[in-house]
$ cat my_file-v2.csv   # CSV, C-alpha atoms
chain,number,residue,atom,x,y,z
A,1,MET,CA,149.7,125.2,90.3
A,2,LYS,CA,148.1,128.5,89.1
A,3,LYS,CA,145.2,126.5,87.7
A,4,THR,CA,144.7,124.8,91.1
A,5,LEU,CA,144.8,128.1,93.0
A,6,SER,CA,142.4,129.6,90.6
A,7,LEU,CA,139.9,126.8,91.1
A,8,SER,CA,140.2,127.0,94.9
A,9,LEU,CA,139.5,130.8,94.8
A,10,MET,CA,136.5,130.2,92.6
A,11,ALA,CA,135.2,127.5,95.1
A,12,LEU,CA,135.6,129.9,98.0
A,13,LEU,CA,133.8,132.7,96.1
A,14,PHE,CA,131.0,130.3,95.3
A,15,ILE,CA,130.6,129.4,99.0
A,16,PHE,CA,130.7,133.0,100.2
A,17,GLY,CA,128.2,133.8,97.5
A,18,LEU,CA,125.8,131.2,98.8
A,19,ALA,CA,126.2,132.5,102.3
A,20,GLY,CA,125.5,136.0,101.1
A,21,CYS,CA,122.3,134.8,99.5
A,22,GLY,CA,121.1,133.4,102.8
A,23,ALA,CA,121.5,129.7,102.1
A,24,LYS,CA,121.3,127.6,105.3
A,25,SER,CA,123.1,124.4,106.1
A,26,GLN,CA,121.3,121.4,107.5
A,27,GLU,CA,122.7,122.2,110.9
A,28,ASP,CA,121.3,125.8,110.7
A,29,VAL,CA,117.9,124.5,109.7
A,30,VAL,CA,117.8,121.9,112.4
A,31,ALA,CA,118.9,124.4,115.1
A,32,SER,CA,116.2,126.8,114.0
A,33,LEU,CA,113.6,124.1,114.1
A,34,ASP,CA,114.7,123.1,117.6
A,35,LYS,CA,114.3,126.7,118.7
A,36,LYS,CA,110.9,127.0,117.0
A,37,MET,CA,109.7,124.0,118.9
A,38,GLU,CA,110.9,125.4,122.2
A,39,GLU,CA,109.4,128.8,121.7
A,40,MET,CA,105.9,127.9,120.3
A,41,THR,CA,102.9,127.7,122.7
A,42,GLY,CA,100.8,125.6,120.4
A,43,TYR,CA,99.1,125.8,117.0
A,44,LYS,CA,96.0,125.2,114.9
A,45,ALA,CA,96.3,123.5,111.5
A,46,ASP,CA,94.1,122.0,108.8
A,47,ALA,CA,95.3,119.0,106.7
A,48,VAL,CA,94.2,116.5,104.1
A,49,MET,CA,95.4,112.9,104.6
A,50,THR,CA,95.3,110.3,101.8
A,51,LEU,CA,95.6,106.6,102.6
A,52,ASN,CA,96.8,104.3,99.8
A,53,THR,CA,96.7,101.1,101.9
A,54,GLY,CA,93.6,99.6,100.4
A,55,GLU,CA,92.1,98.9,97.0
A,56,LYS,CA,91.1,102.6,96.6
A,57,PRO,CA,92.6,105.7,98.2
A,58,LEU,CA,90.8,107.0,101.2
A,59,GLN,CA,90.8,110.7,102.0
A,60,TYR,CA,90.3,112.5,105.3
A,61,ASN,CA,90.1,116.1,106.3
A,62,LEU,CA,91.8,116.9,109.6
A,63,GLU,CA,91.6,119.7,112.0
A,64,VAL,CA,94.5,119.7,114.5
A,65,TRP,CA,94.8,121.7,117.7
A,66,HIS,CA,97.7,121.6,120.2
A,67,LYS,CA,98.3,123.6,123.3
A,68,LYS,CA,101.5,123.1,125.3
A,69,PRO,CA,102.4,121.1,127.1
A,70,ASN,CA,100.1,118.2,126.4
A,71,PHE,CA,96.5,119.2,125.3
A,72,TYR,CA,95.5,117.9,121.9
A,73,ARG,CA,92.4,117.9,119.7
A,74,VAL,CA,92.5,116.0,116.4
A,75,ASN,CA,89.2,115.9,114.4
A,76,LEU,CA,89.1,113.4,111.5
A,77,LYS,CA,86.3,113.6,108.9
A,78,ASN,CA,85.7,111.4,105.9
A,79,ALA,CA,82.8,113.1,104.1
A,80,LYS,CA,82.2,110.4,101.6
A,81,LYS,CA,81.7,107.7,104.2
A,82,ASP,CA,80.0,110.1,106.6
A,83,GLN,CA,82.5,109.2,109.3
A,84,SER,CA,83.8,111.5,112.0
A,85,GLN,CA,86.1,110.8,114.9
A,86,MET,CA,88.0,112.9,117.4
A,87,ILE,CA,91.1,112.3,119.5
A,88,LEU,CA,91.3,114.5,122.6
A,89,ARG,CA,93.9,114.8,125.3
A,90,ASN,CA,93.3,116.9,128.4
A,91,LYS,CA,94.1,116.7,132.1
A,92,GLU,CA,91.5,113.9,132.5
A,93,GLY,CA,93.2,111.6,130.0
A,94,VAL,CA,93.0,110.6,126.4
A,95,PHE,CA,89.6,110.2,124.6
A,96,VAL,CA,88.5,108.8,121.3
A,97,LEU,CA,85.1,110.2,120.4
A,98,THR,CA,82.7,108.8,117.8
A,99,PRO,CA,79.9,111.5,117.8
A,100,ALA,CA,77.5,109.7,115.4
A,101,LEU,CA,77.3,106.8,117.9
A,102,ASN,CA,77.4,108.9,121.0
A,103,LYS,CA,80.3,106.8,122.1
A,104,SER,CA,83.7,107.6,123.8
A,105,PHE,CA,86.7,105.6,124.9
A,106,ARG,CA,88.8,107.0,127.7
A,107,PHE,CA,92.5,106.0,128.2
A,108,GLN,CA,95.1,106.6,130.8
A,109,SER,CA,97.8,106.9,128.1
A,110,ASP,CA,100.9,108.8,127.1
A,111,TRP,CA,99.5,109.3,123.6
A,112,PRO,CA,100.9,110.8,121.4
A,113,GLU,CA,104.4,110.6,123.0
A,114,ASN,CA,104.8,106.8,122.5
A,115,ASN,CA,104.8,106.8,118.6
A,116,SER,CA,105.2,109.0,115.6
A,117,GLN,CA,102.0,110.9,114.6
A,118,VAL,CA,101.8,112.0,111.0
A,119,TYR,CA,99.3,114.8,111.7
A,120,LEU,CA,101.2,116.4,114.7
A,121,PHE,CA,103.9,118.9,113.8
A,122,GLU,CA,105.8,118.4,117.0
A,123,SER,CA,105.9,114.6,116.4
A,124,LEU,CA,107.3,115.2,112.9
A,125,ALA,CA,109.8,117.7,114.2
A,126,ALA,CA,111.0,115.2,116.8
A,127,ASP,CA,111.5,112.6,114.1
A,128,ILE,CA,113.7,115.1,112.3
A,129,LEU,CA,115.7,116.2,115.4
A,130,ASN,CA,116.2,112.6,116.7
A,131,ASP,CA,117.4,111.0,113.5
A,132,THR,CA,121.1,111.6,113.2
A,133,ASP,CA,121.1,109.8,109.8
A,134,ARG,CA,118.4,111.9,108.3
A,135,GLY,CA,118.6,113.0,104.7
A,136,PHE,CA,118.4,116.7,103.8
A,137,LYS,CA,117.9,118.8,100.7
A,138,ALA,CA,117.4,122.6,100.5
A,139,LYS,CA,115.2,123.7,97.7
A,140,GLU,CA,114.2,127.2,96.5
A,141,ASN,CA,111.2,127.6,98.8
A,142,SER,CA,111.4,124.6,101.1
A,143,TYR,CA,113.5,122.1,103.1
A,144,VAL,CA,113.1,118.4,102.5
A,145,PHE,CA,114.0,115.8,105.2
A,146,HIS,CA,114.0,112.0,104.9
A,147,THR,CA,113.8,110.3,108.3
A,148,LYS,CA,113.2,107.0,110.0
A,149,THR,CA,109.8,106.5,111.6
A,150,ASN,CA,108.2,105.1,114.8
A,151,TYR,CA,104.6,104.4,113.7
A,152,GLN,CA,102.4,101.8,115.2
A,153,ASN,CA,102.1,100.3,111.7
A,154,LYS,CA,105.6,99.0,111.0
A,155,ASN,CA,104.9,99.0,107.2
A,156,LEU,CA,105.2,102.8,107.5
A,157,TYR,CA,109.0,102.5,107.3
A,158,GLN,CA,110.3,105.8,106.1
A,159,GLN,CA,109.0,109.3,105.5
A,160,GLU,CA,109.7,112.5,103.6
A,161,ILE,CA,108.9,115.7,105.5
A,162,ILE,CA,108.8,119.0,103.7
A,163,LEU,CA,109.0,122.3,105.6
A,164,ASN,CA,108.7,125.7,104.0
A,165,LYS,CA,111.3,128.4,104.5
A,166,ASP,CA,109.5,129.6,107.7
A,167,LEU,CA,109.8,126.0,109.0
A,168,ASP,CA,106.1,125.5,108.9
A,169,PRO,CA,105.0,122.0,107.9
A,170,SER,CA,104.0,121.7,104.2
A,171,SER,CA,103.6,117.9,103.5
A,172,VAL,CA,104.5,114.4,104.6
A,173,ARG,CA,104.9,111.3,102.5
A,174,ILE,CA,105.2,107.9,104.4
A,175,MET,CA,106.5,104.9,102.5
A,176,ASP,CA,107.2,101.3,103.0
A,177,LYS,CA,110.7,99.7,102.6
A,178,ASP,CA,110.3,99.7,98.8
A,179,ALA,CA,109.6,103.4,98.8
A,180,LYS,CA,106.0,102.9,97.9
A,181,GLU,CA,103.8,105.7,99.1
A,182,LEU,CA,101.2,104.6,101.7
A,183,VAL,CA,100.2,107.8,103.3
A,184,LYS,CA,100.3,111.4,102.1
A,185,LEU,CA,99.4,114.4,104.3
A,186,GLU,CA,99.2,118.0,103.1
A,187,PHE,CA,99.1,120.8,105.7
A,188,LYS,CA,97.2,124.1,105.1
A,189,ASN,CA,96.2,127.1,107.3
A,190,VAL,CA,98.9,126.5,109.9
A,191,LYS,CA,98.7,129.1,112.7
A,192,PHE,CA,101.3,129.0,115.5
A,193,ASN,CA,100.8,130.4,119.0
A,194,ALA,CA,97.0,130.3,118.4
A,195,LYS,CA,94.5,131.2,121.1
A,196,PHE,CA,92.0,128.7,122.4
A,197,ASP,CA,88.5,129.2,123.8
A,198,LYS,CA,87.6,127.9,127.2
A,199,GLY,CA,86.4,124.3,126.8
A,200,ALA,CA,88.4,123.8,123.5
A,201,PHE,CA,89.8,120.5,124.8
A,202,ASP,CA,86.8,119.5,127.0
A,203,MET,CA,85.3,116.1,126.1
A,204,GLU,CA,81.6,117.0,126.7
A,205,THR,CA,81.9,120.3,124.8
A,206,ASN,CA,83.5,118.7,121.8
A,207,MET,CA,81.1,115.7,121.7
A,208,THR,CA,78.1,118.1,121.8
A,209,GLY,CA,79.6,120.4,119.2
A,210,ALA,CA,80.4,117.5,116.8
A,211,GLN,CA,76.9,116.1,117.1
A,212,LEU,CA,75.4,119.4,116.1
A,213,GLU,CA,77.3,119.2,112.8
A,214,LEU,CA,76.0,115.7,112.0
A,215,PRO,CA,73.3,115.1,109.4
A,216,ALA,CA,69.8,114.3,110.7
A,217,MET,CA,69.5,110.7,112.0
A,218,SER,CA,67.3,108.2,110.1
A,219,GLN,CA,63.6,108.4,110.8
A,220,ALA,CA,62.2,106.0,113.3
A,221,GLY,CA,60.5,103.0,111.7
A,222,GLU,CA,62.8,103.1,108.7
A,223,PRO,CA,63.8,99.5,107.9
A,224,LYS,CA,67.2,98.5,109.2
A,225,LYS,CA,69.9,97.6,106.8
A,226,GLU,CA,71.4,94.2,107.1
A,227,MET,CA,74.8,94.0,108.6
A,228,GLU,CA,77.6,93.3,106.0
A,229,VAL,CA,80.0,90.8,107.5
A,230,LEU,CA,83.6,91.8,106.8
A,231,TYR,CA,86.5,89.3,106.7
A,232,PRO,CA,90.2,90.0,107.3
A,233,GLN,CA,92.3,89.7,104.2
A,234,TYR,CA,95.4,89.1,106.3
A,235,MET,CA,95.1,86.3,108.9
A,236,GLY,CA,98.3,86.4,110.7
A,237,PRO,CA,101.5,84.4,110.4
A,238,GLY,CA,101.5,80.8,109.3
A,239,ASN,CA,98.4,79.0,108.1
A,240,ILE,CA,95.7,80.5,110.2
A,241,GLU,CA,92.3,80.2,108.5
A,242,LEU,CA,88.6,80.6,109.2
A,243,THR,CA,87.4,77.5,111.0
A,244,ASN,CA,84.0,78.5,112.3
A,245,GLU,CA,81.4,81.2,111.7
A,246,LYS,CA,78.2,81.5,113.7
A,247,GLU,CA,75.4,83.9,114.5
A,248,VAL,CA,74.5,84.5,118.2
A,249,MET,CA,72.1,86.8,120.0
A,250,ALA,CA,73.4,89.2,122.6
A,251,ASP,CA,71.2,91.8,124.3
A,252,GLY,CA,68.5,91.2,121.6
A,253,GLU,CA,70.9,92.0,118.8
A,254,LYS,CA,72.5,89.6,116.3
A,255,GLN,CA,76.2,89.3,116.2
A,256,VAL,CA,78.6,87.2,114.1
A,257,VAL,CA,81.5,85.3,115.6
A,258,LEU,CA,84.3,84.4,113.3
A,259,SER,CA,86.9,81.9,114.7
A,260,TYR,CA,90.3,81.5,113.1
A,261,THR,CA,93.0,79.0,114.0
A,262,ASP,CA,95.9,76.8,112.6
A,263,GLU,CA,97.5,73.5,113.4
A,264,LYS,CA,99.9,75.2,115.8
A,265,LYS,CA,97.1,76.5,117.9
A,266,LYS,CA,97.6,80.1,116.9
A,267,SER,CA,94.2,81.7,116.8
A,268,PHE,CA,92.0,84.8,117.0
A,269,THR,CA,88.3,85.6,117.2
A,270,LEU,CA,86.6,88.5,115.4
A,271,ILE,CA,83.1,89.5,116.6
A,272,GLU,CA,80.9,91.8,114.5
A,273,ARG,CA,77.8,93.5,115.7
A,274,LYS,CA,75.5,96.1,114.1
A,275,ASN,CA,75.7,99.3,116.0
A,276,VAL,CA,72.4,100.8,117.0
A,277,ALA,CA,72.8,104.5,116.3
A,278,VAL,CA,71.4,106.9,118.9
A,279,GLU,CA,68.4,108.9,117.7
A,280,THR,CA,69.1,112.1,119.8
A,281,ALA,CA,72.1,113.7,121.2
A,282,ALA,CA,70.4,113.7,124.6
A,283,ALA,CA,70.4,109.9,124.7
A,284,LYS,CA,72.7,108.2,127.2
A,285,ARG,CA,76.3,108.3,126.0
A,286,GLU,CA,78.3,105.1,126.0
A,287,ARG,CA,81.5,105.7,127.8
A,288,LEU,CA,84.1,103.0,128.0
A,289,THR,CA,87.3,103.2,130.1
A,290,MET,CA,90.4,101.3,129.2
A,291,PRO,CA,93.0,101.9,132.0
A,292,GLY,CA,95.7,99.9,130.3
A,293,GLY,CA,94.7,100.7,126.7
A,294,GLU,CA,95.9,102.9,123.9
A,295,PRO,CA,94.3,104.6,120.9
A,296,VAL,CA,95.4,102.7,117.7
A,297,ASP,CA,95.4,104.1,114.2
A,298,LEU,CA,93.9,101.5,111.8
A,299,GLY,CA,94.1,103.9,108.9
A,300,PHE,CA,90.4,103.9,108.1
A,301,THR,CA,89.4,104.5,111.7
A,302,VAL,CA,90.8,104.9,115.2
A,303,GLY,CA,90.3,102.0,117.6
A,304,ALA,CA,91.0,101.0,121.2
A,305,MET,CA,93.8,98.5,121.9
A,306,ASN,CA,94.9,96.6,125.0
A,307,ASP,CA,97.3,93.7,125.4
A,308,LYS,CA,95.1,91.1,123.8
A,309,SER,CA,92.3,92.9,121.9
A,310,ILE,CA,91.3,95.7,119.6
A,311,SER,CA,87.9,97.3,119.3
A,312,TRP,CA,86.7,99.7,116.6
A,313,THR,CA,83.6,100.8,114.6
A,314,TYR,CA,83.4,100.9,110.8
A,315,LYS,CA,80.5,101.3,108.4
A,316,GLY,CA,78.0,101.1,111.3
A,317,THR,CA,79.4,97.9,112.7
A,318,ASP,CA,81.2,97.3,116.0
A,319,PHE,CA,84.2,95.0,115.8
A,320,PHE,CA,86.1,93.2,118.5
A,321,LEU,CA,89.2,91.3,117.7
A,322,ALA,CA,91.0,89.2,120.4
A,323,SER,CA,93.8,86.6,120.7
A,324,ASN,CA,95.8,85.0,123.4
A,325,SER,CA,98.5,83.7,120.9
A,326,LEU,CA,99.2,86.7,118.6
A,327,ASP,CA,101.1,89.9,119.6
A,328,GLN,CA,99.8,93.5,119.2
A,329,GLU,CA,101.5,94.1,115.9
A,330,GLU,CA,99.9,91.0,114.4
A,331,LEU,CA,96.5,92.0,115.8
A,332,MET,CA,96.8,95.5,114.3
A,333,ALA,CA,97.8,94.1,110.9
A,334,ILE,CA,94.7,91.8,110.9
A,335,ALA,CA,92.4,94.7,112.0
A,336,ARG,CA,93.7,97.0,109.3
A,337,SER,CA,93.0,94.3,106.7
A,338,VAL,CA,89.3,93.9,107.6
A,339,SER,CA,88.3,96.8,105.4
A,340,ALA,CA,90.8,96.2,102.7
A,341,GLN,CA,88.5,94.1,100.4
A,342,GLY,CA,85.1,94.1,102.1
A,343,SER,CA,83.0,91.0,102.4
A,344,LYS,CA,84.2,87.5,101.6
$ encode --input "my_file-v2.csv" --output "C-alpha cells"
Amino acid sequence: MKKTLSLSLMALLFIFGLAGCGAKSQEDVVASLDKKMEEMTGYKADAVMTLNTGEKPLQYNLEVWHKKPNFYRVNLKNAKKDQSQMILRNKEGVFVLTPALNKSFRFQSDWPENNSQVYLFESLAADILNDTDRGFKAKENSYVFHTKTNYQNKNLYQQEIILNKDLDPSSVRIMDKDAKELVKLEFKNVKFNAKFDKGAFDMETNMTGAQLELPAMSQAGEPKKEMEVLYPQYMGPGNIELTNEKEVMADGEKQVVLSYTDEKKKSFTLIERKNVAVETAAAKRERLTMPGGEPVDLGFTVGAMNDKSISWTYKGTDFFLASNSLDQEELMAIARSVSAQGSK
C-alpha cells in the first residue's frame, strides 16, 4: 500500500514538474493555434518545395503572400528549368500567370478553400484543427502533427506538419498510404501581420514585375528547337493505349494529336503544340477566362482544369488533355505522368 501511494505521489510530482516547465498539452497547442489564426491579418513567407514524384526530385522556390480575408500571391520558381508561375487571388478572381509566355488564366473559383494547399499556412492549420484523429508529439523546440489530407492529388494521403514553439510553420512532409514521402516543404523567413504595398495582388503589376526578372529572350532569327513530344506514363484505368498519333497544322504551327482508347470505349486525347514565346513584354498578352474552371496542381506546373479537360505548359510546349469518359481525378493522374519519363 505504501509503495503504491509513493508511486502515485511521484507521478503527481512529475506532472506538476512538467506543468512548471511550461509543457503544453495537445489541447493547449491547438487552442493557441486557433487563436493565432483568428488574430493574424496575413503573412509573407519563403519556402523550398521538393517533389519526389518523378524519376528525379524537382525543387521549387516559393514566395507566399496572404492578406486577410482572401487575397493571395504564390510565386513558384524552378531556376534549373527556367520556369516561373504565379497564382493570384484578388477581388477580380483567381489568376494563374506564366510570365515568360505573357499568358494568364482567369478563374471564378473558390481557390484555395476547396482543397488542402501545402504552401499556405492557414490551409495547414485548418487541416490540423479539423482532424479530430490527428497525431501529436511535443518536442524540445517544436510540435509535430500527423493529419489527414484533402489534396487534389489523392496519392498525397497523409502529412506531417511541424510547427515551432511560436506556432510558426517549419516544415511539411506529405506521404502516400505506405508512408513514402512524395512532397517536402520547408518554410523560412515567415513574417506574420506583414504590410503590403498598393498593387501587391494586382494582376498587371505582378505580370510586369515578373517579366522584368526574366532572362533576355532568344534573339530573333535564332533557329527554333524541335518540339519534344511527351507521352503519358499512366494511361488511365483498364487497357487504354495509344491508338493514333498524327501531326496537323493549326494557325501556321505544327501540333501533335495523340489519341488513346480501349475496347470499352474509354478514351482521351492529348494535344501538344510548341509555344511561341513573346519577344517583348509589350506584346499582346494572352488572357484566357475559364468561368467554370479551377487551378490544378500538377506537381511540375500549375494547369487549368474544367469538367472534361486540363491545359498546361511545360518545357515550352502547350498541352491540352480532354476526355468525355474519364473523371477529373483520372485526367489529373494522366497529366501528372506526362513529365514523369519524358519522350516515348
$ atom_distance --input "my_file-v2.csv" --atom1 "atom CA of A:Tyr151" --atom2 "atom CA of A:Asp34"
21.6 Å
$ residues_around --input "my_file-v2.csv" --residues "A:Leu120" --least-positions-apart "5" --cutoff "9 Å" --atoms "all atoms listed in the file" --output "PyMOL selection string"
chain A and resi 64-66+74+112+125
$ closest_residue --input "my_file-v2.csv" --among "A:Ala210, A:Leu326, A:Ala47, A:Leu331" --to "A:Ser171" --atoms "all atoms listed in the file"
A:Ala47
$ residues_around --input "my_file-v2.csv" --residues "A:Lys191" --least-positions-apart "4" --cutoff "10 Å" --atoms "only C-alpha atoms" --output "number ranges by chain"
A: 42-46, 65, 168, 195
$ atom_distance --input "my_file-v2.csv" --atom1 "atom CA of A:Gln159" --atom2 "atom CA of A:Val172"
6.9 Å
$ closest_residue --input "my_file-v2.csv" --among "A:Tyr119, A:Phe95, A:Phe268, A:Tyr234" --to "A:Asn206" --atoms "only C-alpha atoms"
A:Phe95
$ closest_residue --input "my_file-v2.csv" --among "A:Ser337, A:Ser311, A:Ser25, A:Thr149" --to "A:Val296" --atoms "all atoms listed in the file"
A:Ser311
$ closest_residue --input "my_file-v2.csv" --among "A:Asn115, A:Lys67, A:Ile162, A:Val229" --to "A:Asp197" --atoms "all atoms listed in the file"
A:Lys67
$ residues_around --input "my_file-v2.csv" --residues "A:Ile128" --least-positions-apart "5" --cutoff "10 Å" --atoms "all atoms listed in the file" --output "ChimeraX atom specification"
/A:30,33-34,122-123,133-136,145-149,160-161
$ residues_around --input "my_file-v2.csv" --residues "A:Pro295" --least-positions-apart "4" --cutoff "7 Å" --atoms "only C-alpha atoms" --output "MDAnalysis selection string"
chainID A and resid 302:305
$ residues_around --input "my_file-v2.csv" --residues "A:Ser84" --least-positions-apart "5" --cutoff "12 Å" --atoms "all atoms listed in the file" --output "compact mmCIF listing (two decimals) with C-alpha atoms, in the coordinates of the input"
# COMPACT_ATOMS: atom_id res chain seq x y z
CA TYR A 60 90.30 112.50 105.30
CA ASN A 61 90.10 116.10 106.30
CA LEU A 62 91.80 116.90 109.60
CA GLU A 63 91.60 119.70 112.00
CA VAL A 74 92.50 116.00 116.40
CA ASN A 75 89.20 115.90 114.40
CA LEU A 76 89.10 113.40 111.50
CA LYS A 77 86.30 113.60 108.90
CA ASN A 78 85.70 111.40 105.90
CA ALA A 79 82.80 113.10 104.10
CA VAL A 96 88.50 108.80 121.30
CA LEU A 97 85.10 110.20 120.40
CA THR A 98 82.70 108.80 117.80
CA PRO A 99 79.90 111.50 117.80
CA ALA A 100 77.50 109.70 115.40
CA LEU A 101 77.30 106.80 117.90
CA ASN A 102 77.40 108.90 121.00
CA LYS A 103 80.30 106.80 122.10
CA MET A 207 81.10 115.70 121.70
CA ALA A 210 80.40 117.50 116.80
CA GLN A 211 76.90 116.10 117.10
CA GLU A 213 77.30 119.20 112.80
CA LEU A 214 76.00 115.70 112.00
CA PRO A 215 73.30 115.10 109.40
CA PHE A 300 90.40 103.90 108.10
CA THR A 301 89.40 104.50 111.70
CA VAL A 302 90.80 104.90 115.20
CA THR A 313 83.60 100.80 114.60
CA TYR A 314 83.40 100.90 110.80
CA LYS A 315 80.50 101.30 108.40
CA GLY A 316 78.00 101.10 111.30
$ atom_distance --input "my_file-v2.csv" --atom1 "atom CA of A:Gly236" --atom2 "atom CA of A:Ser267"
8.7 Å
$ closest_residue --input "my_file-v2.csv" --among "A:Val94, A:Val118, A:Val29, A:Leu242" --to "A:Ser142" --atoms "only C-alpha atoms"
A:Val29
$ build_atoms --input "my_file-v2.csv" --residues "stretch 129-145 of chain A" --atoms "N, CA, C and O atoms" --output "PDB file, in the coordinates of the input"
ATOM      1  N   LEU A 129     114.605 115.827 114.421  1.00  0.00           N
ATOM      2  CA  LEU A 129     115.700 116.200 115.400  1.00  0.00           C
ATOM      3  C   LEU A 129     116.367 114.935 115.940  1.00  0.00           C
ATOM      4  O   LEU A 129     117.559 114.981 116.244  1.00  0.00           O
ATOM      5  N   ASN A 130     115.627 113.821 116.063  1.00  0.00           N
ATOM      6  CA  ASN A 130     116.200 112.600 116.700  1.00  0.00           C
ATOM      7  C   ASN A 130     116.919 111.691 115.737  1.00  0.00           C
ATOM      8  O   ASN A 130     117.611 110.777 116.169  1.00  0.00           O
ATOM      9  N   ASP A 131     116.738 111.902 114.439  1.00  0.00           N
ATOM     10  CA  ASP A 131     117.400 111.000 113.500  1.00  0.00           C
ATOM     11  C   ASP A 131     118.685 111.598 112.988  1.00  0.00           C
ATOM     12  O   ASP A 131     118.724 112.486 112.132  1.00  0.00           O
ATOM     13  N   THR A 132     119.779 111.110 113.520  1.00  0.00           N
ATOM     14  CA  THR A 132     121.100 111.600 113.200  1.00  0.00           C
ATOM     15  C   THR A 132     121.515 111.203 111.748  1.00  0.00           C
ATOM     16  O   THR A 132     122.451 111.767 111.174  1.00  0.00           O
ATOM     17  N   ASP A 133     120.831 110.217 111.168  1.00  0.00           N
ATOM     18  CA  ASP A 133     121.100 109.800 109.800  1.00  0.00           C
ATOM     19  C   ASP A 133     120.139 110.321 108.791  1.00  0.00           C
ATOM     20  O   ASP A 133     120.028 109.802 107.680  1.00  0.00           O
ATOM     21  N   ARG A 134     119.408 111.350 109.154  1.00  0.00           N
ATOM     22  CA  ARG A 134     118.400 111.900 108.300  1.00  0.00           C
ATOM     23  C   ARG A 134     118.986 112.425 106.968  1.00  0.00           C
ATOM     24  O   ARG A 134     120.135 112.875 106.917  1.00  0.00           O
ATOM     25  N   GLY A 135     118.173 112.371 105.923  1.00  0.00           N
ATOM     26  CA  GLY A 135     118.600 113.000 104.700  1.00  0.00           C
ATOM     27  C   GLY A 135     118.057 114.427 104.633  1.00  0.00           C
ATOM     28  O   GLY A 135     117.054 114.765 105.280  1.00  0.00           O
ATOM     29  N   PHE A 136     118.730 115.281 103.877  1.00  0.00           N
ATOM     30  CA  PHE A 136     118.400 116.700 103.800  1.00  0.00           C
ATOM     31  C   PHE A 136     118.635 117.278 102.466  1.00  0.00           C
ATOM     32  O   PHE A 136     119.666 116.980 101.845  1.00  0.00           O
ATOM     33  N   LYS A 137     117.700 118.115 101.990  1.00  0.00           N
ATOM     34  CA  LYS A 137     117.900 118.800 100.700  1.00  0.00           C
ATOM     35  C   LYS A 137     117.231 120.193 100.845  1.00  0.00           C
ATOM     36  O   LYS A 137     116.063 120.300 101.246  1.00  0.00           O
ATOM     37  N   ALA A 138     117.987 121.234 100.531  1.00  0.00           N
ATOM     38  CA  ALA A 138     117.400 122.600 100.500  1.00  0.00           C
ATOM     39  C   ALA A 138     116.986 122.936  99.114  1.00  0.00           C
ATOM     40  O   ALA A 138     117.768 122.843  98.162  1.00  0.00           O
ATOM     41  N   LYS A 139     115.717 123.319  98.967  1.00  0.00           N
ATOM     42  CA  LYS A 139     115.200 123.700  97.700  1.00  0.00           C
ATOM     43  C   LYS A 139     114.915 125.250  97.721  1.00  0.00           C
ATOM     44  O   LYS A 139     115.139 125.902  98.740  1.00  0.00           O
ATOM     45  N   GLU A 140     114.409 125.768  96.635  1.00  0.00           N
ATOM     46  CA  GLU A 140     114.200 127.200  96.500  1.00  0.00           C
ATOM     47  C   GLU A 140     113.300 127.758  97.617  1.00  0.00           C
ATOM     48  O   GLU A 140     113.589 128.790  98.236  1.00  0.00           O
ATOM     49  N   ASN A 141     112.197 127.057  97.863  1.00  0.00           N
ATOM     50  CA  ASN A 141     111.200 127.600  98.800  1.00  0.00           C
ATOM     51  C   ASN A 141     110.922 126.587  99.959  1.00  0.00           C
ATOM     52  O   ASN A 141     109.939 126.745 100.675  1.00  0.00           O
ATOM     53  N   SER A 142     111.747 125.561 100.124  1.00  0.00           N
ATOM     54  CA  SER A 142     111.400 124.600 101.100  1.00  0.00           C
ATOM     55  C   SER A 142     112.678 123.775 101.549  1.00  0.00           C
ATOM     56  O   SER A 142     113.728 123.850 100.899  1.00  0.00           O
ATOM     57  N   TYR A 143     112.516 123.017 102.634  1.00  0.00           N
ATOM     58  CA  TYR A 143     113.500 122.100 103.100  1.00  0.00           C
ATOM     59  C   TYR A 143     112.918 120.691 103.127  1.00  0.00           C
ATOM     60  O   TYR A 143     111.802 120.504 103.638  1.00  0.00           O
ATOM     61  N   VAL A 144     113.637 119.723 102.598  1.00  0.00           N
ATOM     62  CA  VAL A 144     113.100 118.400 102.500  1.00  0.00           C
ATOM     63  C   VAL A 144     113.970 117.446 103.379  1.00  0.00           C
ATOM     64  O   VAL A 144     115.194 117.374 103.223  1.00  0.00           O
ATOM     65  N   PHE A 145     113.300 116.752 104.307  1.00  0.00           N
ATOM     66  CA  PHE A 145     114.000 115.800 105.200  1.00  0.00           C
ATOM     67  C   PHE A 145     113.497 114.389 104.894  1.00  0.00           C
ATOM     68  O   PHE A 145     112.305 114.166 104.619  1.00  0.00           O
TER      69      PHE A 145
END
